[in-house]
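Colleague: Provided below: my_file-v1.cif, containing mmCIF, C-alpha atoms.
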data_coords
#
loop_
_atom_site.group_PDB
_atom_site.id
_atom_site.type_symbol
_atom_site.label_atom_id
_atom_site.label_comp_id
_atom_site.auth_asym_id
_atom_site.auth_seq_id
_atom_site.Cartn_x
_atom_site.Cartn_y
_atom_site.Cartn_z
ATOM 1 C CA MET X 1 0.000 0.000 0.000
ATOM 2 C CA ALA X 2 1.538 3.321 -1.102
ATOM 3 C CA VAL X 3 0.068 5.117 1.900
ATOM 4 C CA GLN X 4 1.941 2.762 4.231
ATOM 5 C CA GLU X 5 5.172 3.588 2.401
ATOM 6 C CA ALA X 6 4.505 7.302 2.897
ATOM 7 C CA VAL X 7 3.890 6.690 6.608
ATOM 8 C CA ASP X 8 7.096 4.682 6.929
ATOM 9 C CA LEU X 9 9.113 7.406 5.217
ATOM 10 C CA ARG X 10 7.564 10.205 7.249
ATOM 11 C CA ARG X 11 7.929 8.229 10.474
ATOM 12 C CA ALA X 12 11.663 7.893 9.800
ATOM 13 C CA LEU X 13 11.946 11.609 9.047
ATOM 14 C CA ALA X 14 9.905 12.532 12.138
ATOM 15 C CA ALA X 15 12.120 10.369 14.321
ATOM 16 C CA GLU X 16 15.107 12.493 13.319
ATOM 17 C CA ARG X 17 13.383 15.896 13.110
ATOM 18 C CA PRO X 18 9.993 15.808 14.854
ATOM 19 C CA ALA X 19 9.499 19.573 14.869
ATOM 20 C CA ILE X 20 9.613 19.555 11.093
ATOM 21 C CA PHE X 21 7.996 16.239 10.141
ATOM 22 C CA ASN X 22 5.413 15.317 12.814
ATOM 23 C CA ALA X 23 2.695 17.252 10.978
ATOM 24 C CA ASP X 24 3.453 15.367 7.763
ATOM 25 C CA LEU X 25 3.416 12.090 9.681
ATOM 26 C CA ALA X 26 0.023 12.918 11.205
ATOM 27 C CA PHE X 27 -1.334 13.777 7.755
ATOM 28 C CA SER X 28 -0.137 10.471 6.294
ATOM 29 C CA LEU X 29 -1.424 8.489 9.272
ATOM 30 C CA THR X 30 -4.853 10.071 8.796
ATOM 31 C CA HIS X 31 -4.951 8.774 5.232
ATOM 32 C CA LEU X 32 -3.641 5.360 6.276
ATOM 33 C CA SER X 33 -6.415 5.105 8.852
ATOM 34 C CA ALA X 34 -9.044 5.889 6.221
ATOM 35 C CA CYS X 35 -7.602 3.201 3.932
ATOM 36 C CA MET X 36 -7.562 0.660 6.759
ATOM 37 C CA SER X 37 -11.146 1.463 7.649
ATOM 38 C CA ALA X 38 -12.238 1.139 4.017
ATOM 39 C CA VAL X 39 -10.924 -2.433 3.863
ATOM 40 C CA GLY X 40 -12.438 -3.485 7.186
ATOM 41 C CA ARG X 41 -9.365 -3.139 9.387
ATOM 42 C CA SER X 42 -11.264 -1.096 11.977
ATOM 43 C CA GLU X 43 -9.140 -1.854 15.035
ATOM 44 C CA GLU X 44 -5.921 -0.956 13.199
ATOM 45 C CA ALA X 45 -7.559 2.188 11.847
ATOM 46 C CA LEU X 46 -8.584 3.137 15.369
ATOM 47 C CA MET X 47 -5.079 2.618 16.758
ATOM 48 C CA THR X 48 -3.695 4.721 13.922
ATOM 49 C CA LEU X 49 -6.168 7.506 14.692
ATOM 50 C CA GLN X 50 -5.093 7.418 18.337
ATOM 51 C CA GLU X 51 -1.580 8.204 17.162
ATOM 52 C CA VAL X 52 -2.910 11.003 14.951
ATOM 53 C CA VAL X 53 -4.747 12.544 17.916
ATOM 54 C CA HIS X 54 -1.597 12.340 20.029
ATOM 55 C CA LEU X 55 0.534 13.980 17.329
ATOM 56 C CA TYR X 56 -1.931 16.801 16.659
ATOM 57 C CA ARG X 57 -2.462 17.356 20.403
ATOM 58 C CA THR X 58 1.279 17.904 20.782
ATOM 59 C CA LEU X 59 1.452 20.091 17.686
ATOM 60 C CA ALA X 60 -1.536 22.178 18.862
ATOM 61 C CA VAL X 61 0.181 22.838 22.185
ATOM 62 C CA GLU X 62 3.384 23.858 20.411
ATOM 63 C CA ARG X 63 1.707 25.940 17.671
ATOM 64 C CA PRO X 64 -1.983 26.476 18.452
ATOM 65 C CA ALA X 65 -2.682 28.946 15.655
ATOM 66 C CA VAL X 66 -1.456 26.425 13.104
ATOM 67 C CA PHE X 67 -2.671 23.093 14.480
ATOM 68 C CA THR X 68 -5.728 23.528 16.718
ATOM 69 C CA ALA X 69 -8.129 23.036 13.804
ATOM 70 C CA LYS X 70 -6.331 19.858 12.724
ATOM 71 C CA PHE X 71 -6.340 18.632 16.320
ATOM 72 C CA ALA X 72 -10.114 19.197 16.524
ATOM 73 C CA GLU X 73 -10.548 17.387 13.201
ATOM 74 C CA SER X 74 -8.520 14.429 14.469
ATOM 75 C CA LEU X 75 -10.671 14.244 17.607
ATOM 76 C CA HIS X 76 -13.813 14.331 15.469
ATOM 77 C CA ASN X 77 -12.489 11.561 13.206
ATOM 78 C CA PHE X 78 -11.410 9.477 16.192
ATOM 79 C CA SER X 79 -14.823 9.910 17.799
ATOM 80 C CA THR X 80 -16.545 8.806 14.606
ATOM 81 C CA MET X 81 -14.391 5.697 14.343
ATOM 82 C CA VAL X 82 -14.522 4.746 18.015
ATOM 83 C CA SER X 83 -18.311 5.123 18.114
ATOM 84 C CA GLN X 84 -18.552 2.594 15.268
ATOM 85 C CA VAL X 85 -16.829 -0.038 17.408
ATOM 86 C CA SER X 86 -19.149 0.561 20.372
ATOM 87 C CA HIS X 87 -16.889 2.550 22.669
ATOM 88 C CA LYS X 88 -19.509 5.210 23.411
ATOM 89 C CA GLU X 89 -17.798 6.844 26.415
ATOM 90 C CA GLU X 90 -14.499 7.244 24.586
ATOM 91 C CA ALA X 91 -16.312 8.608 21.529
ATOM 92 C CA LEU X 92 -18.224 11.043 23.720
ATOM 93 C CA MET X 93 -15.087 12.373 25.396
ATOM 94 C CA ALA X 94 -13.334 12.900 22.054
ATOM 95 C CA VAL X 95 -16.239 14.660 20.362
ATOM 96 C CA GLN X 96 -16.839 16.887 23.393
ATOM 97 C CA GLU X 97 -13.230 18.033 23.207
ATOM 98 C CA ALA X 98 -13.610 18.599 19.460
ATOM 99 C CA VAL X 99 -16.731 20.704 20.078
ATOM 100 C CA GLU X 100 -14.943 22.787 22.724
ATOM 101 C CA LEU X 101 -12.067 23.515 20.359
ATOM 102 C CA ARG X 102 -14.343 24.202 17.415
ATOM 103 C CA LEU X 103 -16.465 26.602 19.481
ATOM 104 C CA ILE X 104 -13.344 28.677 20.088
ATOM 105 C CA LEU X 105 -12.252 28.439 16.460
ATOM 106 C CA ALA X 106 -15.732 29.363 15.180
ATOM 107 C CA ALA X 107 -15.897 32.355 17.516
ATOM 108 C CA GLU X 108 -12.606 33.601 16.071
ATOM 109 C CA GLN X 109 -13.279 32.760 12.408
ATOM 110 C CA PRO X 110 -16.906 31.758 11.839
ATOM 111 C CA ASP X 111 -16.669 31.600 8.046
ATOM 112 C CA LEU X 112 -13.849 29.085 8.329
ATOM 113 C CA HIS X 113 -15.044 26.912 11.210
ATOM 114 C CA ASP X 114 -18.855 27.044 11.530
ATOM 115 C CA ASP X 115 -19.391 24.021 9.274
ATOM 116 C CA ASP X 116 -16.867 21.966 11.246
ATOM 117 C CA LEU X 117 -18.518 22.982 14.507
ATOM 118 C CA GLU X 118 -21.895 21.963 13.104
ATOM 119 C CA ALA X 119 -20.491 18.568 12.082
ATOM 120 C CA SER X 120 -19.090 17.929 15.557
ATOM 121 C CA LEU X 121 -22.322 19.025 17.230
ATOM 122 C CA HIS X 122 -24.227 16.657 14.963
ATOM 123 C CA LEU X 123 -21.853 13.821 15.861
ATOM 124 C CA LEU X 124 -22.250 14.649 19.549
ATOM 125 C CA SER X 125 -26.022 14.456 19.139
ATOM 126 C CA ASP X 126 -25.756 11.085 17.386
ATOM 127 C CA ILE X 127 -23.539 9.653 20.122
ATOM 128 C CA LEU X 128 -25.877 10.856 22.873
ATOM 129 C CA ARG X 129 -28.885 9.078 21.334
#
As structure tokens, please, write out the structure in this file.

Modeller:
Amino acid sequence: MAVQEAVDLRRALAAERPAIFNADLAFSLTHLSACMSAVGRSEEALMTLQEVVHLYRTLAVERPAVFTAKFAESLHNFSTMVSQVSHKEEALMAVQEAVELRLILAAEQPDLHDDDLEASLHLLSDILR
């Protein structure tokens, strides 16, 4: 799988220069997770998304203006995936954090973030049903 090769390459680069390559690694891992999910490898996709959340959490702390939106997106994606494998509490915690971040982002730049906030609120509603 070409996506796995990209992850392997970016993982090696990130190991040597994390400040430069962790964002690229997170991006590639996001795509790998989607590919895994598409072929029924849900548990592996979920573990990959956990790594994505961890990477973007770290990046958002280091450079919030650049990575908070991506961190919120990773939480949303993780919540979606984890809710599909019946881990409701974990899904709820992730989407609530995504909503909190997206509320702040939407208050600062509504044109850019309102749709994402709406998506996370909708997911929150679905999980609470």

Colleague: Could you check which of X:Ser125, X:Ser86, X:Gln96, X:Ser28 is closest to Ala2 (chain X), using all atoms listed in the file?

Modeller: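 Checking each of X:Ser125, X:Ser86, X:Gln96, X:Ser28 against Ala2 (chain X), counting all atoms listed in the file, the winner is X:Ser28.
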
Colleague: Quick check on the file I pasted: which residues fall under the PyMOL selection byres ((chain X and resi 37-39) around 12)? Write them as number ranges by chain.

Modeller: X: 1, 30-36, 40-49, 77-78, 80-82, 84-85

Colleague: Have a look at CA of Asp24 (chain X) and CA of Lys70 (chain X) and let me know their distance in Å, one decimal.

Modeller: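 Pair CA of Asp24 (chain X) / CA of Lys70 (chain X) returns 11.9 Å.
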
Colleague: Could you check how far CA of Leu92 (chain X) sits from CA of His54 (chain X), in Å to one decimal?

Modeller: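 Taking CA of Leu92 (chain X) and CA of His54 (chain X), their separation equals 17.1 Å.
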
Colleague: Written as a ChimeraX atom specification, what is the full residue list that the PyMOL selection byres ((chain X and resi 56-67) around 10) yields on the file shown?

Modeller: /X:18-19,22-23,25-27,51-55,68-75,105

Colleague: Figure out the distance between CA of Val95 (chain X) and CA of Ala119 (chain X), please, to one decimal in Å.

Modeller: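 Spanning CA of Ala119 (chain X) to CA of Val95 (chain X) is a straight-line distance of 10.1 Å.
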
Colleague: Given the choices X:Ala14, X:Arg129, X:Ala98, X:Ser79, which gets closest to Leu117 (chain X) if the distance is worked out from all atoms listed in the file?

Modeller: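 Smallest separation from Leu117 (chain X) among the options: X:Ala98.
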
Colleague: With distances taken over all atoms listed in the file, which of X:Asp111, X:Ser83, X:Arg17, X:Leu29 is nearest to Val3 (chain X)?

Modeller: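 Closest candidate: X:Leu29.
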
Colleague: Go through X:Ser120, X:Ala94, X:Glu16, X:Gln4 and flag the residue nearest Ala106 (chain X), using only C-alpha atoms for the distances.

Modeller: X:Ser120

Colleague: Determine the nearest neighbour of Leu9 (chain X) from the options X:Glu97, X:Ile127, X:Glu108, X:Phe21, counting all atoms listed in the file.

Modeller: X:Phe21

Colleague: Using all atoms listed in the file, which of the listed residues (X:Ala6, X:Leu121, X:Leu128, X:Ile20) sits closest to Leu101 (chain X)?

Modeller: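 Counting all atoms listed in the file, the residue closest to Leu101 (chain X) is X:Leu121.
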
Colleague: How would region 48-75 of chain X look with N, CA and C atoms restored, written as a tab-separated table (two decimals), in the coordinates of the input?

Modeller:
chain	number	residue	atom	x	y	z
X	48	THR	N	-4.39	3.71	14.71
X	48	THR	CA	-3.70	4.72	13.92
X	48	THR	C	-4.25	6.10	14.23
X	49	LEU	N	-5.57	6.21	14.35
X	49	LEU	CA	-6.17	7.51	14.69
X	49	LEU	C	-5.77	7.97	16.09
X	50	GLN	N	-5.57	7.04	17.00
X	50	GLN	CA	-5.09	7.42	18.34
X	50	GLN	C	-3.73	8.10	18.23
X	51	GLU	N	-2.89	7.58	17.37
X	51	GLU	CA	-1.58	8.20	17.16
X	51	GLU	C	-1.73	9.58	16.53
X	52	VAL	N	-2.66	9.71	15.59
X	52	VAL	CA	-2.91	11.00	14.95
X	52	VAL	C	-3.35	12.03	16.00
X	53	VAL	N	-4.28	11.64	16.86
X	53	VAL	CA	-4.75	12.54	17.92
X	53	VAL	C	-3.58	12.97	18.80
X	54	HIS	N	-2.75	12.02	19.18
X	54	HIS	CA	-1.60	12.34	20.03
X	54	HIS	C	-0.66	13.33	19.33
X	55	LEU	N	-0.36	13.08	18.07
X	55	LEU	CA	0.53	13.98	17.33
X	55	LEU	C	-0.05	15.38	17.22
X	56	TYR	N	-1.33	15.47	16.81
X	56	TYR	CA	-1.93	16.80	16.66
X	56	TYR	C	-2.13	17.50	18.01
X	57	ARG	N	-2.36	16.74	19.08
X	57	ARG	CA	-2.46	17.36	20.40
X	57	ARG	C	-1.13	18.05	20.74
X	58	THR	N	-0.05	17.35	20.51
X	58	THR	CA	1.28	17.90	20.78
X	58	THR	C	1.55	19.11	19.89
X	59	LEU	N	1.23	18.98	18.62
X	59	LEU	CA	1.45	20.09	17.69
X	59	LEU	C	0.59	21.30	18.05
X	60	ALA	N	-0.64	21.07	18.49
X	60	ALA	CA	-1.54	22.18	18.86
X	60	ALA	C	-1.04	22.91	20.10
X	61	VAL	N	-0.40	22.19	21.01
X	61	VAL	CA	0.18	22.84	22.18
X	61	VAL	C	1.37	23.69	21.76
X	62	GLU	N	2.18	23.15	20.86
X	62	GLU	CA	3.38	23.86	20.41
X	62	GLU	C	3.06	25.05	19.52
X	63	ARG	N	2.07	24.88	18.62
X	63	ARG	CA	1.71	25.94	17.67
X	63	ARG	C	0.19	25.97	17.49
X	64	PRO	N	-0.51	26.53	18.48
X	64	PRO	CA	-1.98	26.48	18.45
X	64	PRO	C	-2.61	27.14	17.23
X	65	ALA	N	-2.08	28.25	16.79
X	65	ALA	CA	-2.68	28.95	15.66
X	65	ALA	C	-2.63	28.10	14.38
X	66	VAL	N	-1.64	27.24	14.30
X	66	VAL	CA	-1.46	26.42	13.10
X	66	VAL	C	-2.20	25.09	13.20
X	67	PHE	N	-2.23	24.48	14.39
X	67	PHE	CA	-2.67	23.09	14.48
X	67	PHE	C	-3.93	22.82	15.30
X	68	THR	N	-4.53	23.81	15.92
X	68	THR	CA	-5.73	23.53	16.72
X	68	THR	C	-6.87	22.99	15.86
X	69	ALA	N	-7.05	23.53	14.68
X	69	ALA	CA	-8.13	23.04	13.80
X	69	ALA	C	-7.89	21.58	13.40
X	70	LYS	N	-6.66	21.24	13.08
X	70	LYS	CA	-6.33	19.86	12.72
X	70	LYS	C	-6.50	18.93	13.93
X	71	PHE	N	-6.15	19.42	15.11
X	71	PHE	CA	-6.34	18.63	16.32
X	71	PHE	C	-7.83	18.35	16.53
X	72	ALA	N	-8.66	19.38	16.38
X	72	ALA	CA	-10.11	19.20	16.52
X	72	ALA	C	-10.64	18.21	15.48
X	73	GLU	N	-10.14	18.32	14.26
X	73	GLU	CA	-10.55	17.39	13.20
X	73	GLU	C	-10.16	15.95	13.56
X	74	SER	N	-8.96	15.78	14.10
X	74	SER	CA	-8.52	14.43	14.47
X	74	SER	C	-9.39	13.86	15.59
X	75	LEU	N	-9.77	14.69	16.54
X	75	LEU	CA	-10.67	14.24	17.61
X	75	LEU	C	-12.03	13.84	17.04
